[in-house]
Amino acid sequence: MLGHIELRSAKIWVQTEKEALVRLEIKKQHSKGSWTWAGTQKSGAESAYCLSFDISQLEPGTTYVYRLKVGGKEVSRPYPLQFTTQQLWQWRTDAPDFKVAMGSCNYINEAAYDRPGKPYGGDYFIFEKIAETKPDLMLWLGDNTYLREVDWNSRSGVLHRYTHSRSIPEMQKLLASCPQYAIWDDHDYGPNDANSSWIHKNWTLEAFQTFWANPSSGLQPQSGITTAFSYNDIDFFLLDDRWFRSSEKLTDSCERKMLGDMQLEWLINALKFSQAPFKIVAIGSQVLNSMAVYENYAQFPCEREKLLGRIGAEGIKNVIFVTGDRHHSEISRLEKDGVVMHDITASPLTSSFPANRDNEPNANRIGGSLVLKRNFALFEFSGSRKERSLLIRFVDNTGNEVYRYNLERQP
């Protein structure tokens, strides 16, 4: 799997089936020169046989091919093993156009441990359809795996579930074709609706850090998975909606917090600092849905109002929340103090979906945007520096577009 890729560095994640010595070699695409050694590591059971290689001293805007030797034998794949570093465009040209794929709620069946009855997951070929769109990066919006009752009370169970979800054949080409970034939500954090009280969250944090190759993890001195990165001219802020989360059942609604004070203040400062034409904020739970149902941010009214009010008061324009969780897709829009915000919910990838969610009266939903089937979202950024625009598309698991929305940058 490709992880975070910068102008002069890249991460490559590897998992073997058993203990093995893994050697990574790279060279520039079409180069007639010899392969360059990029690292050797030994995989072990303690980390579920996972390894992460950090490659440095690369050149911007350059495609590299790589090969892996496991136990001295080269690994063969029916798709290219290559990556391209980000372009050095600043002060030189307009930012490149690019495409981001997004989705959430990935349930991979395992009959021995699933609930009886109709399988909850299916249509894994959606990952092949995502790969066919040739995104420049993929953003996983939480519930990327579903821990079961047999998993979450043991470290080995958590590692098994992550391994099981990551191993399906249909997913492999996508993982290798572009950088993969992720946040988590309740099901890859712990039991259903788990919050900061989850006693084994250090196990799931360790598993998340082991199986994803994000640029970093957590705000110091606190923990969690919060991080951020830039791709071309767009800034991405990956939030943790679980580590600091209180119960939405607390009697005092102003004591309920999803992000926590430190993370919220960091986000406001980071958004204010950002000069990106669009600021993408990834968070597992819906932010702009007006209904205080399930795990929507509306269940945390005081903290939600603080966040949205600060964005409006600070005049931080072009903030786009990207969310999952709900097993349906939709676009919500809200204006605060003349500042327009959007929330694009993309769900589910392979999990089951409801048939009656259209009865939920989200006052901020853009008419016609509700999608009640397995799908993913595509964000296509294009245009010159001062006229950057964003095309948002929902695509179903057969590869057919089911909704599109054009979003112009708010000046």
# chains A, B, ... in the order shown; residues from 1 in each chain; ligands from 1
>>> residues_around(residues="Lys201 of chain A", least_positions_apart="4", cutoff="7 Å", atoms="only C-alpha atoms", output="list in words")
Tyr189, Gly190 and Leu205 of chain A
>>> residues_around(residues="segment 52-65 of chain A", least_positions_apart="6", cutoff="6 Å", atoms="only C-alpha atoms", output="list in words")
Leu7, Arg8, Ser9, Ala10, Lys11, Ile12, Trp13, Ile26, Lys27, Lys28, Gln29, Leu81, Gln82, Phe83, Thr84, Thr85, Gln86, Gln87 and Leu88 of chain A
>>> residues_around(residues="Tyr49 of chain A", least_positions_apart="5", cutoff="12 Å", atoms="only C-alpha atoms", output="count of residues only")
22
>>> residues_around(residues="Pro215 of chain A", least_positions_apart="2", cutoff="9 Å", atoms="only C-alpha atoms", output="ChimeraX atom specification")
/A:3-5,11,181,213,217,227-229
>>> residues_around(residues="segment 133-135 of chain A", least_positions_apart="5", cutoff="10 Å", atoms="only C-alpha atoms", output="mmCIF file with C-alpha atoms, in the first residue's frame")
data_model
loop_
_atom_site.group_PDB
_atom_site.id
_atom_site.type_symbol
_atom_site.label_atom_id
_atom_site.label_comp_id
_atom_site.auth_asym_id
_atom_site.auth_seq_id
_atom_site.Cartn_x
_atom_site.Cartn_y
_atom_site.Cartn_z
ATOM 1 C CA PHE A 98 -6.163 16.340 -9.321
ATOM 2 C CA LYS A 99 -8.769 13.863 -8.099
ATOM 3 C CA VAL A 100 -9.530 12.443 -4.648
ATOM 4 C CA ALA A 101 -11.649 9.356 -3.944
ATOM 5 C CA MET A 102 -13.462 9.098 -0.593
ATOM 6 C CA GLU A 128 -11.994 -2.093 -8.340
ATOM 7 C CA LEU A 174 -6.505 0.408 -5.194
ATOM 8 C CA SER A 177 -2.358 2.698 -7.101
ATOM 9 C CA CYS A 178 -2.353 5.943 -5.074
ATOM 10 C CA PRO A 179 -1.580 7.289 -1.582
ATOM 11 C CA LEU A 378 -14.908 11.792 -6.143
ATOM 12 C CA PHE A 379 -13.543 15.306 -5.608
ATOM 13 C CA GLU A 380 -12.054 16.827 -8.756
ATOM 14 C CA GLY A 399 -19.197 2.805 -11.618
#
>>> closest_atom_pairs(of="segment 255-337 of chain A", to="segment 104-126 of chain A", cutoff="9 Å", atoms="only C-alpha atoms", output="tab-separated table")
residue	atom	partner	partner_atom	distance
A:Gly284	CA	A:Ser104	CA	8.5
A:Thr323	CA	A:Ser104	CA	8.0
A:Gly324	CA	A:Ser104	CA	5.3
A:Asp325	CA	A:Cys105	CA	6.4
A:Arg326	CA	A:Cys105	CA	8.4
A:His327	CA	A:Cys105	CA	7.0
>>> atom_distance(atom1="atom CA of Ser347 of chain A", atom2="atom CA of Ile331 of chain A")
11.6 Å
>>> residues_around(residues="Phe321 of chain A", least_positions_apart="5", cutoff="6 Å", atoms="only C-alpha atoms", output="list in words")
Ile280, Val281, Ala282 and Asp343 of chain A
>>> decode(residues="segment 42-164 of chain A", atoms="C-alpha atoms", output="tab-separated table (two decimals), in the first residue's frame")
chain	number	residue	atom	x	y	z
A	42	LYS	CA	12.01	-7.95	9.18
A	43	SER	CA	8.29	-8.47	9.76
A	44	GLY	CA	7.09	-10.11	12.97
A	45	ALA	CA	3.98	-11.39	14.70
A	46	GLU	CA	4.02	-8.60	17.32
A	47	SER	CA	3.06	-6.06	14.62
A	48	ALA	CA	0.85	-8.45	12.59
A	49	TYR	CA	3.74	-8.79	10.11
A	50	CYS	CA	3.29	-5.14	9.03
A	51	LEU	CA	6.13	-2.86	7.94
A	52	SER	CA	6.31	0.76	6.85
A	53	PHE	CA	9.18	1.99	4.68
A	54	ASP	CA	10.04	5.71	4.67
A	55	ILE	CA	11.81	6.65	1.46
A	56	SER	CA	13.70	9.95	1.28
A	57	GLN	CA	15.93	11.90	-1.10
A	58	LEU	CA	13.43	11.67	-3.96
A	59	GLU	CA	12.83	14.29	-6.63
A	60	PRO	CA	9.54	16.25	-6.93
A	61	GLY	CA	7.08	15.41	-9.69
A	62	THR	CA	8.87	12.16	-10.51
A	63	THR	CA	7.46	8.68	-11.00
A	64	TYR	CA	9.37	5.85	-9.36
A	65	VAL	CA	8.91	2.13	-9.77
A	66	TYR	CA	9.68	-0.20	-6.88
A	67	ARG	CA	10.03	-3.88	-6.20
A	68	LEU	CA	9.78	-5.93	-3.05
A	69	LYS	CA	11.76	-9.04	-2.26
A	70	VAL	CA	10.33	-11.20	0.49
A	71	GLY	CA	12.72	-13.85	1.72
A	72	GLY	CA	14.90	-13.09	-1.30
A	73	LYS	CA	12.08	-13.70	-3.80
A	74	GLU	CA	10.60	-10.81	-5.79
A	75	VAL	CA	6.89	-10.22	-5.26
A	76	SER	CA	4.86	-10.24	-8.47
A	77	ARG	CA	1.64	-8.26	-8.89
A	78	PRO	CA	-0.74	-7.92	-11.90
A	79	TYR	CA	-0.63	-4.12	-11.61
A	80	PRO	CA	2.20	-1.55	-11.58
A	81	LEU	CA	4.19	-1.02	-8.40
A	82	GLN	CA	4.96	2.67	-8.70
A	83	PHE	CA	4.30	6.09	-7.19
A	84	THR	CA	4.70	9.72	-8.18
A	85	THR	CA	5.97	12.40	-5.84
A	86	GLN	CA	4.10	15.68	-5.55
A	87	GLN	CA	4.99	18.46	-8.00
A	88	LEU	CA	6.99	21.52	-7.02
A	89	TRP	CA	4.54	24.01	-8.52
A	90	GLN	CA	4.66	26.88	-6.00
A	91	TRP	CA	5.99	30.17	-7.46
A	92	ARG	CA	6.22	28.42	-10.83
A	93	THR	CA	2.82	27.47	-12.25
A	94	ASP	CA	-0.80	27.05	-11.25
A	95	ALA	CA	-1.43	24.08	-8.98
A	96	PRO	CA	-2.05	20.83	-10.87
A	97	ASP	CA	-5.58	19.52	-11.31
A	98	PHE	CA	-6.16	16.34	-9.32
A	99	LYS	CA	-8.77	13.86	-8.10
A	100	VAL	CA	-9.53	12.44	-4.65
A	101	ALA	CA	-11.65	9.36	-3.94
A	102	MET	CA	-13.46	9.10	-0.59
A	103	GLY	CA	-15.66	6.62	1.22
A	104	SER	CA	-16.54	5.07	4.58
A	105	CYS	CA	-18.15	2.03	6.17
A	106	ASN	CA	-16.26	-0.98	4.87
A	107	TYR	CA	-17.64	-4.25	6.26
A	108	ILE	CA	-15.86	-7.43	5.16
A	109	ASN	CA	-17.81	-10.55	6.07
A	110	GLU	CA	-16.38	-13.37	8.14
A	111	ALA	CA	-19.22	-15.83	8.55
A	112	ALA	CA	-17.89	-17.53	11.68
A	113	TYR	CA	-18.06	-14.27	13.66
A	114	ASP	CA	-20.79	-12.27	11.92
A	115	ARG	CA	-24.37	-11.96	13.11
A	116	PRO	CA	-26.68	-14.70	11.80
A	117	GLY	CA	-28.75	-13.98	8.74
A	118	LYS	CA	-28.09	-12.01	5.60
A	119	PRO	CA	-24.43	-10.91	5.31
A	120	TYR	CA	-23.97	-7.29	6.33
A	121	GLY	CA	-21.20	-6.60	3.80
A	122	GLY	CA	-20.93	-7.18	0.08
A	123	ASP	CA	-20.13	-5.88	-3.39
A	124	TYR	CA	-16.40	-5.70	-2.70
A	125	PHE	CA	-15.85	-4.95	-6.37
A	126	ILE	CA	-16.50	-1.31	-5.51
A	127	PHE	CA	-12.77	-1.04	-4.79
A	128	GLU	CA	-11.99	-2.09	-8.34
A	129	LYS	CA	-14.41	0.59	-9.59
A	130	ILE	CA	-12.63	3.21	-7.46
A	131	ALA	CA	-9.27	2.14	-8.89
A	132	GLU	CA	-10.67	2.47	-12.42
A	133	THR	CA	-11.30	6.19	-11.82
A	134	LYS	CA	-7.52	6.63	-11.27
A	135	PRO	CA	-7.65	8.92	-8.24
A	136	ASP	CA	-4.52	10.75	-7.16
A	137	LEU	CA	-5.24	9.81	-3.56
A	138	MET	CA	-7.84	7.93	-1.49
A	139	LEU	CA	-9.29	9.21	1.79
A	140	TRP	CA	-10.95	6.64	4.08
A	141	LEU	CA	-13.56	8.38	6.26
A	142	GLY	CA	-13.89	5.93	9.14
A	143	ASP	CA	-15.40	2.53	9.89
A	144	ASN	CA	-12.72	1.27	7.53
A	145	THR	CA	-13.01	-2.04	9.31
A	146	TYR	CA	-15.68	-3.35	11.69
A	147	LEU	CA	-14.45	-4.81	14.96
A	148	ARG	CA	-16.67	-7.65	16.21
A	149	GLU	CA	-17.47	-8.91	19.71
A	150	VAL	CA	-14.71	-11.50	19.32
A	151	ASP	CA	-12.17	-8.78	18.43
A	152	TRP	CA	-12.32	-5.69	20.59
A	153	ASN	CA	-11.47	-7.22	23.98
A	154	SER	CA	-8.06	-8.48	22.91
A	155	ARG	CA	-5.11	-6.96	21.10
A	156	SER	CA	-4.78	-10.06	18.91
A	157	GLY	CA	-8.45	-9.78	17.96
A	158	VAL	CA	-8.04	-6.18	16.85
A	159	LEU	CA	-5.02	-7.07	14.71
A	160	HIS	CA	-6.90	-10.01	13.21
A	161	ARG	CA	-9.82	-7.82	12.17
A	162	TYR	CA	-7.58	-5.23	10.54
A	163	THR	CA	-5.69	-7.98	8.71
A	164	HIS	CA	-8.89	-9.68	7.57
